[in-house]
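Raw contents of upload09.cif, mmCIF, C-alpha atoms and all ligand atoms:
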data_target
loop_
_atom_site.label_atom_id
_atom_site.label_comp_id
_atom_site.auth_asym_id
_atom_site.auth_seq_id
_atom_site.Cartn_x
_atom_site.Cartn_y
_atom_site.Cartn_z
CA MET A 1 48.50 -9.37 -70.06
CA PRO A 2 49.00 -11.85 -72.89
CA THR A 3 46.31 -11.98 -75.56
CA LEU A 4 43.16 -13.36 -74.00
CA HIS A 5 40.60 -15.39 -75.94
CA THR A 6 37.39 -15.72 -73.97
CA GLU A 7 33.61 -15.38 -73.93
CA ALA A 8 32.02 -12.08 -72.98
CA LEU A 9 28.83 -10.18 -72.25
CA ILE A 10 28.67 -6.38 -72.49
CA LEU A 11 27.64 -4.78 -69.19
CA ARG A 12 28.09 -1.15 -70.15
CA SER A 13 29.03 0.84 -73.23
CA VAL A 14 30.26 4.43 -73.22
CA ASP A 15 31.20 6.58 -76.24
CA PHE A 16 34.82 7.69 -76.06
CA GLY A 17 36.54 10.27 -78.24
CA GLU A 18 35.41 10.58 -81.85
CA SER A 19 35.16 6.96 -82.80
CA ASP A 20 35.88 4.62 -79.89
CA LEU A 21 33.84 2.79 -77.31
CA ILE A 22 34.77 1.98 -73.72
CA LEU A 23 33.13 -1.32 -72.84
CA HIS A 24 32.68 -2.96 -69.48
CA LEU A 25 32.75 -6.68 -70.25
CA LEU A 26 31.94 -9.67 -68.09
CA THR A 27 34.12 -12.67 -68.91
CA PRO A 28 34.51 -16.09 -67.25
CA ASP A 29 38.29 -15.58 -67.06
CA THR A 30 38.56 -12.11 -65.59
CA GLY A 31 35.14 -11.16 -64.22
CA ARG A 32 34.44 -7.54 -65.05
CA LEU A 33 36.99 -6.03 -67.40
CA THR A 34 37.14 -2.56 -69.00
CA VAL A 35 38.37 -2.50 -72.60
CA ILE A 36 38.59 0.05 -75.38
CA ALA A 37 37.19 -0.83 -78.79
CA ASN A 38 39.13 1.46 -81.12
CA GLY A 39 37.19 2.70 -84.14
CA ALA A 40 34.05 0.79 -83.13
CA ARG A 41 31.78 3.76 -83.83
CA ARG A 42 33.53 4.92 -87.00
CA SER A 43 33.67 1.65 -88.89
CA LYS A 44 30.81 -0.85 -88.99
CA LYS A 45 33.25 -3.39 -90.45
CA ARG A 46 35.53 -3.38 -87.43
CA PHE A 47 33.06 -5.17 -85.12
CA PRO A 48 30.14 -5.98 -87.41
CA GLY A 49 26.86 -6.41 -85.50
CA THR A 50 28.51 -7.64 -82.33
CA LEU A 51 28.91 -4.89 -79.73
CA ASP A 52 25.33 -4.79 -78.48
CA PHE A 53 23.80 -5.65 -75.15
CA PHE A 54 22.33 -9.16 -74.78
CA ASN A 55 24.88 -10.62 -77.22
CA HIS A 56 26.96 -13.62 -76.17
CA LEU A 57 30.39 -13.02 -77.71
CA ASP A 58 33.76 -14.62 -78.28
CA VAL A 59 36.38 -11.92 -77.86
CA GLN A 60 40.11 -11.43 -78.24
CA ILE A 61 41.61 -8.91 -75.84
CA GLY A 62 45.17 -7.58 -75.72
CA ARG A 63 47.18 -4.89 -74.00
CA ARG A 64 49.97 -2.95 -75.74
CA ARG A 65 51.71 -1.86 -72.55
CA PRO A 66 51.25 -3.10 -69.00
CA THR A 67 49.88 0.28 -67.93
CA SER A 68 47.51 0.84 -70.85
CA MET A 69 43.85 -0.09 -71.02
CA ALA A 70 43.06 -3.52 -72.44
CA ARG A 71 42.00 -3.38 -76.11
CA LEU A 72 39.24 -5.32 -77.75
CA GLU A 73 40.92 -6.73 -80.84
CA HIS A 74 38.21 -9.03 -82.21
CA ALA A 75 34.64 -9.89 -81.32
CA ARG A 76 32.57 -12.69 -82.82
CA LEU A 77 28.88 -13.16 -82.21
CA ARG A 78 27.98 -16.53 -80.68
CA ARG A 79 24.34 -15.78 -80.09
CA THR A 80 22.01 -12.83 -79.74
CA LEU A 81 19.20 -13.13 -77.18
CA LEU A 82 16.41 -11.61 -79.24
CA GLY A 83 13.67 -12.44 -76.71
CA LEU A 84 15.07 -9.76 -74.41
CA ARG A 85 14.11 -7.14 -76.97
CA SER A 86 10.66 -8.57 -77.56
CA ASP A 87 8.85 -7.11 -74.55
CA PRO A 88 9.45 -4.30 -72.06
CA ARG A 89 9.53 -6.60 -69.00
CA ARG A 90 12.32 -8.75 -70.34
CA PHE A 91 14.23 -5.74 -71.62
CA ALA A 92 13.85 -3.88 -68.30
CA LEU A 93 15.01 -6.85 -66.19
CA GLY A 94 17.88 -7.59 -68.60
CA CYS A 95 19.14 -3.98 -68.46
CA TYR A 96 18.78 -3.97 -64.67
CA LEU A 97 20.79 -7.18 -64.19
CA LEU A 98 23.58 -5.90 -66.45
CA GLU A 99 23.71 -2.64 -64.50
CA LEU A 100 23.66 -4.52 -61.18
CA LEU A 101 26.59 -6.71 -62.22
CA ASP A 102 28.46 -3.72 -63.62
CA ARG A 103 28.03 -1.87 -60.33
CA LEU A 104 28.79 -4.70 -57.92
CA ALA A 105 31.26 -6.97 -59.74
CA PRO A 106 34.76 -5.94 -58.72
CA GLU A 107 37.29 -5.47 -61.52
CA GLY A 108 40.46 -7.51 -61.31
CA GLY A 109 41.67 -10.10 -58.87
CA ALA A 110 38.95 -10.04 -56.26
CA ARG A 111 38.33 -13.40 -54.69
CA ILE A 112 35.08 -14.27 -56.36
CA ASP A 113 34.42 -17.12 -58.72
CA HIS A 114 34.53 -15.44 -62.16
CA HIS A 115 33.23 -18.52 -63.96
CA ARG A 116 30.23 -18.73 -61.64
CA LEU A 117 29.58 -15.01 -62.04
CA PHE A 118 29.70 -15.24 -65.84
CA ALA A 119 27.49 -18.35 -65.81
CA PHE A 120 24.94 -16.40 -63.76
CA GLY A 121 25.10 -13.40 -66.13
CA LEU A 122 24.56 -15.55 -69.21
CA GLY A 123 22.12 -17.97 -67.53
CA SER A 124 19.89 -15.19 -66.20
CA LEU A 125 19.70 -13.49 -69.62
CA GLU A 126 18.93 -16.85 -71.27
CA LEU A 127 16.16 -17.45 -68.73
CA ILE A 128 14.54 -14.07 -69.38
CA ASP A 129 15.01 -14.63 -73.11
CA GLN A 130 12.80 -17.70 -72.77
CA ARG A 131 10.09 -16.47 -70.39
CA SER A 132 8.54 -13.15 -69.49
CA PRO A 133 9.55 -12.47 -65.89
CA ASP A 134 7.35 -11.47 -62.95
CA ALA A 135 8.22 -9.65 -59.72
CA GLY A 136 8.96 -12.99 -57.99
CA LEU A 137 11.53 -14.04 -60.58
CA ARG A 138 13.15 -10.64 -60.27
CA VAL A 139 13.67 -11.15 -56.51
CA LEU A 140 15.06 -14.67 -57.02
CA LEU A 141 17.51 -13.38 -59.63
CA GLU A 142 18.55 -10.56 -57.30
CA VAL A 143 19.30 -13.08 -54.53
CA ARG A 144 21.26 -15.23 -56.99
CA ALA A 145 23.21 -12.17 -58.20
CA LEU A 146 24.12 -11.31 -54.59
CA ASP A 147 25.17 -14.93 -54.00
CA VAL A 148 27.51 -15.10 -57.01
CA LEU A 149 28.99 -11.71 -56.07
CA GLY A 150 29.81 -13.08 -52.62
CA LEU A 151 27.29 -10.72 -50.97
CA GLY A 152 24.37 -13.11 -50.47
CA PRO A 153 22.33 -12.73 -47.27
CA GLU A 154 22.17 -15.35 -44.52
CA LEU A 155 18.66 -16.78 -44.68
CA ALA A 156 18.59 -19.78 -42.35
CA HIS A 157 20.48 -18.92 -39.14
CA CYS A 158 20.69 -16.08 -36.66
CA VAL A 159 23.69 -13.93 -37.68
CA ARG A 160 24.73 -13.52 -34.03
CA CYS A 161 24.45 -17.00 -32.50
CA GLY A 162 23.93 -19.34 -35.46
CA GLU A 163 20.70 -20.79 -34.10
CA VAL A 164 17.72 -21.38 -36.39
CA PRO A 165 15.17 -18.65 -35.52
CA ASP A 166 11.84 -19.92 -34.17
CA GLY A 167 9.29 -19.32 -36.89
CA ASN A 168 6.35 -20.19 -34.61
CA ALA A 169 6.87 -17.08 -32.50
CA GLY A 170 5.89 -14.77 -35.35
CA PRO A 171 8.11 -12.67 -37.60
CA VAL A 172 11.83 -12.37 -36.85
CA GLY A 173 14.03 -9.31 -37.19
CA PHE A 174 16.36 -9.09 -40.19
CA HIS A 175 19.51 -7.02 -39.74
CA VAL A 176 20.29 -5.55 -43.16
CA GLY A 177 23.80 -4.39 -42.18
CA ASP A 178 24.75 -7.75 -40.61
CA GLY A 179 23.14 -9.53 -43.56
CA GLY A 180 20.72 -11.92 -41.90
CA PRO A 181 18.02 -12.68 -39.33
CA CYS A 182 18.52 -12.06 -35.65
CA CYS A 183 16.79 -14.39 -33.17
CA SER A 184 14.79 -12.95 -30.25
CA ARG A 185 17.50 -13.86 -27.71
CA CYS A 186 20.18 -11.92 -29.61
CA LEU A 187 18.10 -8.80 -30.21
CA SER A 188 19.47 -5.77 -28.45
CA GLU A 189 17.24 -3.12 -26.99
CA GLY A 190 16.20 -0.36 -29.37
CA GLN A 191 17.40 -2.05 -32.56
CA HIS A 192 15.26 -1.39 -35.61
CA LEU A 193 15.24 -4.49 -37.73
CA LEU A 194 13.17 -5.38 -40.74
CA SER A 195 10.31 -7.69 -39.77
CA VAL A 196 10.18 -10.85 -41.88
CA HIS A 197 8.50 -14.24 -41.57
CA VAL A 198 10.69 -17.35 -41.42
CA GLY A 199 8.60 -18.81 -44.28
CA THR A 200 9.75 -15.99 -46.55
CA LEU A 201 13.39 -16.63 -45.67
CA ARG A 202 12.85 -20.35 -46.29
CA ALA A 203 11.34 -19.68 -49.73
CA LEU A 204 14.39 -17.62 -50.70
CA GLN A 205 16.74 -20.23 -49.21
CA GLN A 206 14.95 -22.94 -51.20
CA SER A 207 15.79 -21.11 -54.45
CA ARG A 208 19.48 -21.72 -53.75
CA SER A 209 19.07 -25.42 -54.53
CA LEU A 210 17.98 -24.59 -58.09
CA ALA A 211 20.20 -23.74 -61.07
CA THR A 212 19.73 -20.22 -62.45
CA GLY A 213 17.83 -21.59 -65.45
CA GLN A 214 15.36 -23.35 -63.11
CA LEU A 215 14.46 -20.34 -60.96
CA GLY A 216 11.24 -19.81 -62.94
CA ARG A 217 9.89 -23.03 -61.33
CA LEU A 218 9.64 -21.36 -57.93
CA ALA A 219 6.73 -18.94 -57.69
CA LEU A 220 6.81 -16.22 -55.03
CA ARG A 221 3.37 -14.76 -54.47
CA GLY A 222 1.25 -12.71 -52.08
CA ALA A 223 2.66 -11.80 -48.67
CA VAL A 224 5.84 -13.87 -49.20
CA LEU A 225 6.61 -11.97 -52.40
CA GLU A 226 5.92 -8.62 -50.78
CA GLU A 227 8.18 -9.35 -47.80
CA ALA A 228 10.92 -10.79 -49.99
CA ARG A 229 10.73 -7.82 -52.34
CA VAL A 230 11.13 -5.25 -49.55
CA LEU A 231 13.86 -7.27 -47.83
CA ILE A 232 16.01 -7.73 -50.94
CA ALA A 233 15.45 -4.15 -52.13
CA ARG A 234 16.72 -2.87 -48.76
CA PHE A 235 19.62 -5.33 -48.82
CA LEU A 236 20.63 -4.32 -52.35
CA ARG A 237 20.38 -0.64 -51.52
CA PHE A 238 22.68 -1.20 -48.54
CA HIS A 239 25.33 -2.71 -50.83
CA LEU A 240 24.82 -0.34 -53.78
CA GLY A 241 24.47 2.83 -51.73
CA LEU A 242 22.08 4.25 -54.33
CA ASP A 243 19.34 3.26 -56.75
CA LEU A 244 20.39 1.92 -60.13
CA ARG A 245 19.42 4.03 -63.17
CA SER A 246 17.33 1.20 -64.58
CA VAL A 247 15.36 0.49 -61.39
CA GLY A 248 12.53 3.00 -62.00
CA PHE A 249 11.80 1.53 -65.43
CA LEU A 250 11.97 -1.99 -64.00
CA ASP A 251 9.68 -1.15 -61.06
CA ALA A 252 7.13 0.20 -63.53
CA GLN A 253 7.27 -3.03 -65.53
CA LEU A 254 7.35 -5.58 -62.70
CA THR A 255 5.20 -4.17 -59.92
CA PRO A 256 3.26 -6.98 -58.20
CA MET A 257 -0.51 -6.90 -58.66
CA GLU A 258 -2.65 -5.88 -55.68
CA PRO A 259 -5.19 -8.46 -54.43
CA SER A 260 -7.86 -6.55 -56.37
CA GLY A 261 -5.91 -7.31 -59.54
CA ARG A 262 -5.29 -3.64 -60.18
CA LEU A 263 -1.83 -2.21 -60.33
CA PRO A 264 -0.97 0.08 -57.43
CA PRO A 265 -0.85 3.70 -58.53
CA ARG A 266 2.78 4.45 -59.30
CA LEU A 267 4.05 6.57 -62.13
CA PRO A 268 6.74 4.97 -64.27
CA LYS A 269 9.83 7.11 -64.36
CA PRO A 270 11.20 7.68 -67.85
CA ILE A 271 14.90 6.96 -67.71
CA SER A 272 17.81 6.25 -69.95
CA THR A 273 18.50 2.60 -69.32
CA GLY A 274 21.96 2.54 -70.82
CA GLY A 275 20.48 -0.34 -72.81
CA ALA A 276 20.35 -1.03 -76.51
CA ARG A 277 21.92 1.50 -78.76
ZN ZN A 301 20.66 -15.50 -32.05
#

As structure tokens, how would this structure be written, given the file I've shared?
Ligand SMILES: [Zn+2]
Amino acid sequence: MPTLHTEALILRSVDFGESDLILHLLTPDTGRLTVIANGARRSKKRFPGTLDFFNHLDVQIGRRRPTSMARLEHARLRRTLLGLRSDPRRFALGCYLLELLDRLAPEGGARIDHHRLFAFGLGSLELIDQRSPDAGLRVLLEVRALDVLGLGPELAHCVRCGEVPDGNAGPVGFHVGDGGPCCSRCLSEGQHLLSVHVGTLRALQQSRSLATGQLGRLALRGAVLEEARVLIARFLRFHLGLDLRSVGFLDAQLTPMEPSGRLPPRLPKPISTGGAR
């Protein structure tokens, strides 16, 4: 790998040895990339004030030998997104999105659009930096994350026959494993699908016409939000295979209000977010 000059976001940071850091970076050139930052914990001068979460960086990355881990040689701060540290909701959603990308973005030459993935990572953090998120925005960002990772659900057509499901006949079945709705004609006997209204699928589909920075314009509320939240949570869990570490903290911050205006009783789980050091 020749020396690479690119932009980067830090997805994950792990102490290594006495003085080094292993960083999972997201870059527009490579997607997710693991690098070692030698001496980053010993010397503050080596990477002054740069290697923190929610920082938009310019980095220089090299590799001494083809088989060795890529090394972070220089990092320069472009911008720090301070709003993400200003309230627990923004911080929780920011940590969650970084963890989600770290978990689902493949490292190396997978056939996904790295530039689009990086633009989503940066654009979503910039959006949360500007506005305190609600549970609806969380769902829309989750759908967008799945889309840019190449895992987005089908929302408009039956996954078996391609027909548009009839929304007038009540809720349709959503097949989480097949990744989309299943019309009544294609349903097999005894299948347990998630029940969802076509209007909810349309609301999520509508969000795809907006840029990431515009997702705050679309408000998901009430029954649509509740259905979308359950659907996307199940869909994400199917792809992740487990809950992310940051999800308990995020759920505690962004739980939708009940019609009474009171929060449903749910204890926030104290967790280590892997967030700011
Ligand atoms: Zn069908």

Next item on the list: Pick out the residues sitting within 12 Å of Arg237 of chain A, and hand them over as a PyMOL selection string; count all atoms listed in the file, and ignore anything fewer than 2 positions along from it in its own chain.
Entry: chain A and resi 100+103-104+142+146+176-177+230-235+239-244+247

Checklist line | Distance in Å - atom CA of Cys183 of chain A versus atom CA of Glu227 of chain A | finding: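 Between atom CA of Cys183 of chain A and atom CA of Glu227 of chain A the gap works out to 17.7 Å.
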
Notebook entry, point to check: In Å, with one decimal, what is the gap from atom CA of Arg131 of chain A to atom CA of Leu101 of chain A?
Noted result: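 About the pair atom CA of Arg131 of chain A and atom CA of Leu101 of chain A: they are 20.8 Å apart.
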
Check: So how many Å separate atom CA of Pro66 of chain A and atom CA of Gly108 of chain A, to one decimal?
Finding: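 About the pair atom CA of Pro66 of chain A and atom CA of Gly108 of chain A: they are 14.0 Å apart.
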
Checklist line | A:Gly180, A:Pro133, A:Pro165, A:Gly49 ranked by distance to ligand ZN 301 (chain A), top pick (using only C-alpha atoms and all ligand atoms) | finding: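 The closest residue to ligand ZN 301 (chain A) is A:Pro165.
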
Next item on the list: For Glu18 of chain A, work out the shell of residues within 8 Å, counting all atoms listed in the file and skipping chain neighbours fewer than 2 positions away, then give it as a list of chain:residue names.
Entry: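 Answer for this query is A:Phe16, A:Asp20, A:Arg41, A:Arg42.
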
Enumerate, in order of chain and increasing residue number, the residues of chain A with an atom no farther than 7 Å from ligand ZN 301 (chain A), each with its shortest atom pair and distance in Å to one decimal, counting all atoms listed in the file, as a tab-separated table.
residue	atom	partner	partner_atom	distance
A:Cys158	CA	A:ZN301	ZN	4.6
A:Val159	CA	A:ZN301	ZN	6.6
A:Arg160	CA	A:ZN301	ZN	4.9
A:Cys161	CA	A:ZN301	ZN	4.1
A:Gly162	CA	A:ZN301	ZN	6.1
A:Glu163	CA	A:ZN301	ZN	5.7
A:Cys182	CA	A:ZN301	ZN	5.4
A:Cys183	CA	A:ZN301	ZN	4.2
A:Ser184	CA	A:ZN301	ZN	6.6
A:Arg185	CA	A:ZN301	ZN	5.6
A:Cys186	CA	A:ZN301	ZN	4.4

Margin query: Please list, as a PyMOL selection string, the residues that have an atom at most 7 Å away from (33.8, -14.7, -68.6) in the coordinates of this file, counting only C-alpha atoms.
Written below: chain A and resi 6-8+26-31+114-115+118

Next item on the list: List the neighbours of Ile36 of chain A out to 7 Å using all atoms listed in the file; skip same-chain residues closer than 5 positions along the sequence, and give me the result as an NGL selection string.
Entry: :A and (20-23 or 69-72)

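In this comparison, which uses only C-alpha atoms, the residue of A:Leu215, A:Ile112, A:Leu220, A:Leu122 approaching Gly199 of chain A most closely is A:Leu220.
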
Note to self: With 8 Å as the threshold, what does the neighbourhood of (12.7, -11.3, -55.9) contain in terms of residues, counting all atoms listed in the file? Coordinates are those of the file; answer as a ChimeraX atom specification.
What the structure shows: /A:135-143,220,225,228-229,232

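Distance check against Ser132 of chain A using all atoms listed in the file: of A:Gly170, A:Gly150, A:Gly83, A:Pro2, the minimum falls on A:Gly83.
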
Check: Closest to Thr255 of chain A among A:Ala203, A:Arg89, A:Ala169, A:Leu125, using only C-alpha atoms?
Finding: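 Nearest candidate to Thr255 of chain A out of A:Ala203, A:Arg89, A:Ala169, A:Leu125: A:Arg89.
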
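Each of A:Val148, A:Ala119, A:Leu236, A:Val198 was compared to Gly213 of chain A using all atoms listed in the file, and A:Ala119 turns out to be the nearest.
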
First collect every listed atom of segment 119-135 of chain A; then fit an axis-aligned box around them, widen it by 5 Å on each side, and give centre and edge lengths in Å to one decimal, as AutoDock Vina command-line options.
--center_x 17.4 --center_y -14.0 --center_z -66.4 --size_x 30.1 --size_y 18.7 --size_z 23.4

Note to self: So that I can check the surroundings of Tyr96 of chain A, please list as an MDAnalysis selection string every protein, DNA and RNA residue that reaches within 9 Å of it, counting all atoms listed in the file and ignoring chain neighbours fewer than 2 positions away.
What the structure shows: chainID A and resid 91:94 98:101 244:247 249:250 273

Checklist line | Nearest candidate to Leu155 of chain A (options A:Arg116, A:His175, A:Arg208, A:Arg202; using only C-alpha atoms) | finding: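 Using only C-alpha atoms, Leu155 of chain A sits closest to A:Arg202.
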
Item checked: Contacts of Leu82 of chain A within 8 Å, all atoms listed in the file, excl. fewer than 2 positions in-chain, as a list in words ->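 Once the adjacent positions are removed, what remains is Phe54, Thr80, Leu84, Arg85, Ser86 and Asp129 of chain A.
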
Would you save the residues from that selection as a short mmCIF file (atom, residue, chain, number, x, y, z; two decimals), in the frame of the given file, using C-alpha atoms?
data_model
loop_
_atom_site.label_atom_id
_atom_site.label_comp_id
_atom_site.auth_asym_id
_atom_site.auth_seq_id
_atom_site.Cartn_x
_atom_site.Cartn_y
_atom_site.Cartn_z
CA PHE A 54 22.33 -9.16 -74.78
CA THR A 80 22.01 -12.83 -79.74
CA LEU A 84 15.07 -9.76 -74.41
CA ARG A 85 14.11 -7.14 -76.97
CA SER A 86 10.66 -8.57 -77.56
CA ASP A 129 15.01 -14.63 -73.11
#
